[in-house]
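To start, the structure itself, in structure tokens.
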Amino acid sequence: MKQLFILFSAILFTGPSYHSQTIHEKSSSQENVKIIILGNVQDAGSPQIGCRKECCMDLWKHPKQDRKVSSLGVIDNGLQKNYIFDATPDFTQQLQLLMDHSAVPKKTVPDGIFITHAHIGHYTGLMFLGKEAMNSKAVPVYTMPRLKKFFETNGPWSQLIRLNNIAPYEMQNEVPIKVNSNLEVTPIQVPHRDEYSETVGFIIKGPHKKALFIPDIDKWNKWKHNIAELIKTVDYAFLDGTFYDSEEIGYRNIEDIPHPFVVESMELFKNLSPEYKKRIFFIHFNHSNKILNQDSKQSKQVIEKGFNIARLGDEFEL
């Protein structure tokens, strides 16, 4: 564990080490870099296909525009660059939201896309970069090795590469990528259902502050890292809040869809100081999770205990 925190101290509090990957141009500008929440819902959205429960019934007739699949955007106004973390089924609207909040609203293509893993809510939005839609040119897509191979060997993703719609860049676990002079991104592998790829979270380091983004993980105690200690090294921690508690699971086996319940995470973090608790923002909510309703008892309990909930459009300085 001591070696781990030496590593993260190097990543988080100093410049990139000699083995960091450097991509894109350099600039001295460090103005106005920020994160924007582009979505906070689990992969299949809300309302979820086939759902006839109370959580979805009214939404079929009265959709809510804030129900977008979990994703972060990073806006670098100084360098006029925009980045997206996870390409979701809501990618079209999320890209527009990102551009609306940036210094270059007429820009239509992100300068880079970072993918956590190969579950449907995290990469399938890449299809909108293909010739049937945007027909983009060489958009950098950052992936872990297994996911890069998956894209290269399986259509329609391989066609995106063949037609130069995307340009995949291979990341390595816990190796920082110097994206530009204002932004450094470090993938951190986490335990999850890795049918087609590894699963990672990201440390996103700006000129002034740092964020941890882990939308999917099986359980915190299955991870080799101490999440409570990592929270102390960042300014914001956007963490898996898929299910509020076990009552949401119903007839499904939690072993098939393991996630840390929000109540479990709050119990795990209960001894953190108020300063550290307020850095935690739960994200990636299942359609059944009552946290999606900010007036619910569950949402109010999270706030009363000193934690936060990521909402569409929230912005955070980096």
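By order in the structure tokens, chains are A, B, ...; within a chain, residues start at 1; ligands start at 1, following the order shown.
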
Select from region 5-239 of chain A everything DSSP, run on the backbone, classes as strand (DSSP E), then give the selection as an MDAnalysis selection string.
chainID A and resid 21:22 33:39 71:76 81:85 112:114 139:143 166:170 177:180 183:189 200:205 210:214 236:239

Region 83-93 of chain A: which residues within 8 Å, counting only C-alpha atoms, same-chain residues fewer than 4 positions away excluded, as a ChimeraX atom specification?
/A:43,68-75,97,110-116,120-126,128

Neighbours of region 189-204 of chain A within 9 Å (only C-alpha atoms; same-chain residues fewer than 3 positions away dropped), as a ChimeraX atom specification?
/A:11-12,85,114-119,144-150,173-174,176,183-186,209-220,222-225,234,256-259,318

Write out, as a PDB file, in the first residue's frame, the residues just selected, with C-alpha atoms.
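Saved as part_21.pdb:
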ATOM      1  CA  ILE A  11       0.748  11.112 -10.601  1.00  0.00           C
ATOM      2  CA  LEU A  12      -1.364  13.605  -8.723  1.00  0.00           C
ATOM      3  CA  PHE A  85     -15.245  10.330 -20.971  1.00  0.00           C
ATOM      4  CA  PHE A 114     -11.700   8.145 -23.186  1.00  0.00           C
ATOM      5  CA  ILE A 115     -13.501   4.796 -22.808  1.00  0.00           C
ATOM      6  CA  THR A 116     -13.811   3.010 -19.461  1.00  0.00           C
ATOM      7  CA  HIS A 117     -14.941  -0.392 -20.783  1.00  0.00           C
ATOM      8  CA  ALA A 118     -17.016  -2.369 -23.286  1.00  0.00           C
ATOM      9  CA  HIS A 119     -20.490  -2.317 -21.751  1.00  0.00           C
ATOM     10  CA  MET A 144      -6.985  -0.184 -22.824  1.00  0.00           C
ATOM     11  CA  PRO A 145      -5.243  -2.978 -24.823  1.00  0.00           C
ATOM     12  CA  ARG A 146      -8.081  -5.547 -24.833  1.00  0.00           C
ATOM     13  CA  LEU A 147     -10.630  -2.933 -25.832  1.00  0.00           C
ATOM     14  CA  LYS A 148      -8.398  -1.645 -28.624  1.00  0.00           C
ATOM     15  CA  LYS A 149      -8.120  -5.189 -29.995  1.00  0.00           C
ATOM     16  CA  PHE A 150     -11.904  -5.621 -29.652  1.00  0.00           C
ATOM     17  CA  ASN A 173      -2.758   0.743 -16.487  1.00  0.00           C
ATOM     18  CA  GLU A 174      -1.681   3.573 -14.136  1.00  0.00           C
ATOM     19  CA  PRO A 176      -0.350   8.934 -17.122  1.00  0.00           C
ATOM     20  CA  LEU A 183      -4.659  17.983 -18.952  1.00  0.00           C
ATOM     21  CA  GLU A 184      -3.263  14.667 -17.769  1.00  0.00           C
ATOM     22  CA  VAL A 185      -5.317  11.469 -17.634  1.00  0.00           C
ATOM     23  CA  THR A 186      -4.389   8.249 -15.842  1.00  0.00           C
ATOM     24  CA  LYS A 209      -7.465  20.316  -9.410  1.00  0.00           C
ATOM     25  CA  LYS A 210      -7.940  16.578  -9.885  1.00  0.00           C
ATOM     26  CA  ALA A 211     -10.921  14.291 -10.304  1.00  0.00           C
ATOM     27  CA  LEU A 212     -11.453  10.539  -9.923  1.00  0.00           C
ATOM     28  CA  PHE A 213     -14.063   8.950 -12.211  1.00  0.00           C
ATOM     29  CA  ILE A 214     -15.178   5.363 -11.484  1.00  0.00           C
ATOM     30  CA  PRO A 215     -18.677   4.786 -12.903  1.00  0.00           C
ATOM     31  CA  ASP A 216     -18.479   0.975 -12.665  1.00  0.00           C
ATOM     32  CA  ILE A 217     -16.841  -1.345 -10.150  1.00  0.00           C
ATOM     33  CA  ASP A 218     -17.946  -4.653  -8.612  1.00  0.00           C
ATOM     34  CA  LYS A 219     -17.347  -3.888  -4.925  1.00  0.00           C
ATOM     35  CA  TRP A 220     -14.833  -1.598  -3.243  1.00  0.00           C
ATOM     36  CA  LYS A 222     -12.560  -6.393  -4.324  1.00  0.00           C
ATOM     37  CA  TRP A 223     -10.192  -3.642  -5.472  1.00  0.00           C
ATOM     38  CA  LYS A 224      -6.524  -3.698  -4.582  1.00  0.00           C
ATOM     39  CA  HIS A 225      -6.608   0.058  -3.901  1.00  0.00           C
ATOM     40  CA  VAL A 234      -8.350  14.300  -5.395  1.00  0.00           C
ATOM     41  CA  ASP A 256     -24.639 -11.174 -11.846  1.00  0.00           C
ATOM     42  CA  ILE A 257     -24.666  -7.375 -11.603  1.00  0.00           C
ATOM     43  CA  PRO A 258     -22.314  -6.496  -8.720  1.00  0.00           C
ATOM     44  CA  HIS A 259     -21.997  -2.850  -7.742  1.00  0.00           C
ATOM     45  CA  LEU A 318      -9.998  21.633 -12.960  1.00  0.00           C
TER      46      LEU A 318
END

Identify, on the basis of only C-alpha atoms, every residue whose closest approach to Val33 (chain A) does not exceed 8 Å; exclude the query and any residue fewer than 3 positions from it along the same chain; express the result as a short mmCIF file (atom, residue, chain, number, x, y, z; two decimals) with N, CA and C atoms, in the first residue's frame.
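Final file, result-v4.cif:
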data_model
loop_
_atom_site.label_atom_id
_atom_site.label_comp_id
_atom_site.auth_asym_id
_atom_site.auth_seq_id
_atom_site.Cartn_x
_atom_site.Cartn_y
_atom_site.Cartn_z
N GLN A 30 -3.38 28.05 -19.16
CA GLN A 30 -3.99 27.23 -18.13
C GLN A 30 -5.32 27.85 -17.69
N VAL A 74 -14.84 17.27 -20.51
CA VAL A 74 -13.80 18.19 -20.05
C VAL A 74 -13.65 19.29 -21.09
N ILE A 75 -13.76 20.52 -20.64
CA ILE A 75 -13.67 21.69 -21.52
C ILE A 75 -12.41 22.46 -21.16
N ASP A 76 -11.54 22.63 -22.12
CA ASP A 76 -10.32 23.42 -21.95
C ASP A 76 -10.48 24.67 -22.81
N ASN A 77 -11.02 25.73 -22.20
CA ASN A 77 -11.27 26.95 -22.95
C ASN A 77 -9.99 27.65 -23.38
N GLY A 78 -8.93 27.51 -22.58
CA GLY A 78 -7.68 28.15 -22.93
C GLY A 78 -7.10 27.62 -24.22
N ASN A 182 -2.43 21.30 -20.30
CA ASN A 182 -3.36 21.54 -19.19
C ASN A 182 -3.98 20.28 -18.61
N GLY A 206 -6.16 18.50 -13.97
CA GLY A 206 -6.10 19.78 -14.66
C GLY A 206 -5.00 20.65 -14.10
N PRO A 207 -4.99 21.93 -14.46
CA PRO A 207 -3.94 22.84 -13.98
C PRO A 207 -3.98 23.05 -12.47
N GLU A 317 -14.39 23.08 -11.57
CA GLU A 317 -13.10 23.62 -12.02
C GLU A 317 -12.01 22.56 -11.93
N LEU A 318 -11.19 22.48 -12.98
CA LEU A 318 -10.00 21.63 -12.96
C LEU A 318 -8.74 22.49 -12.95
#

Please return, as a PDB file with C-alpha atoms, in the first residue's frame, all residues of region 66-205 of chain A that DSSP assigns to alpha helix (DSSP H) on the basis of the backbone.
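See result_10.pdb below for the written result:
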ATOM      1  CA  PHE A  91     -23.666  10.745 -27.383  1.00  0.00           C
ATOM      2  CA  THR A  92     -25.405  13.013 -29.921  1.00  0.00           C
ATOM      3  CA  GLN A  93     -27.084  15.220 -27.325  1.00  0.00           C
ATOM      4  CA  GLN A  94     -24.147  15.036 -24.933  1.00  0.00           C
ATOM      5  CA  LEU A  95     -21.696  16.262 -27.553  1.00  0.00           C
ATOM      6  CA  GLN A  96     -24.012  19.190 -28.273  1.00  0.00           C
ATOM      7  CA  LEU A  97     -24.231  19.991 -24.539  1.00  0.00           C
ATOM      8  CA  LEU A  98     -20.449  19.900 -24.319  1.00  0.00           C
ATOM      9  CA  MET A  99     -20.053  22.272 -27.247  1.00  0.00           C
ATOM     10  CA  ASP A 100     -22.755  24.628 -25.933  1.00  0.00           C
ATOM     11  CA  ILE A 120     -23.210  -0.793 -23.879  1.00  0.00           C
ATOM     12  CA  GLY A 121     -23.529   2.532 -22.082  1.00  0.00           C
ATOM     13  CA  HIS A 122     -19.849   3.353 -22.316  1.00  0.00           C
ATOM     14  CA  TYR A 123     -18.725   2.869 -25.928  1.00  0.00           C
ATOM     15  CA  PRO A 145      -5.243  -2.978 -24.823  1.00  0.00           C
ATOM     16  CA  ARG A 146      -8.081  -5.547 -24.833  1.00  0.00           C
ATOM     17  CA  LEU A 147     -10.630  -2.933 -25.832  1.00  0.00           C
ATOM     18  CA  LYS A 148      -8.398  -1.645 -28.624  1.00  0.00           C
ATOM     19  CA  LYS A 149      -8.120  -5.189 -29.995  1.00  0.00           C
ATOM     20  CA  PHE A 150     -11.904  -5.621 -29.652  1.00  0.00           C
ATOM     21  CA  PHE A 151     -12.452  -2.516 -31.767  1.00  0.00           C
ATOM     22  CA  GLU A 152      -9.889  -3.612 -34.346  1.00  0.00           C
ATOM     23  CA  THR A 153     -11.328  -7.114 -34.792  1.00  0.00           C
ATOM     24  CA  TRP A 157     -16.067  -0.681 -34.726  1.00  0.00           C
ATOM     25  CA  SER A 158     -13.351  -2.004 -37.018  1.00  0.00           C
ATOM     26  CA  GLN A 159     -14.981  -0.066 -39.856  1.00  0.00           C
ATOM     27  CA  LEU A 160     -14.616   3.156 -37.862  1.00  0.00           C
ATOM     28  CA  ILE A 161     -10.886   2.476 -37.756  1.00  0.00           C
ATOM     29  CA  ARG A 162     -10.633   1.333 -41.370  1.00  0.00           C
TER      30      ARG A 162
END

Residue neighbourhood Lys290 (chain A), 12 Å, only C-alpha atoms, exclusion window fewer than 3 positions, as a PyMOL selection string:
chain A and resi 41+46+54-56+241-245+247-248+262+285-287+293-302+309

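Between CA of Leu239 (chain A) and CA of His284 (chain A) the interatomic distance comes to 7.9 Å.
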
Can you tell me how far CA of Gly45 (chain A) sits from CA of Lys61 (chain A), in Å to one decimal?
15.2 Å

So which residues touch Ile227 (chain A) within 10 Å, counting only C-alpha atoms, skipping near sequence neighbours fewer than 4 positions away, as a ChimeraX atom specification?
/A:220-221,223,231-232,237,239,265,268-269

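You can rank A:Ala138, A:Val175, A:Asp240, A:Ser246 by their closest distance to Ile283 (chain A) using only C-alpha atoms, and at the top of that list sits A:Asp240.
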
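Going from CA of Ile188 (chain A) over to CA of Met127 (chain A), you cover 25.3 Å.
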
Tell me which of A:Gly155, A:His101, A:Thr143, A:Arg52 sits closest to Tyr169 (chain A), counting only C-alpha atoms.
A:Thr143
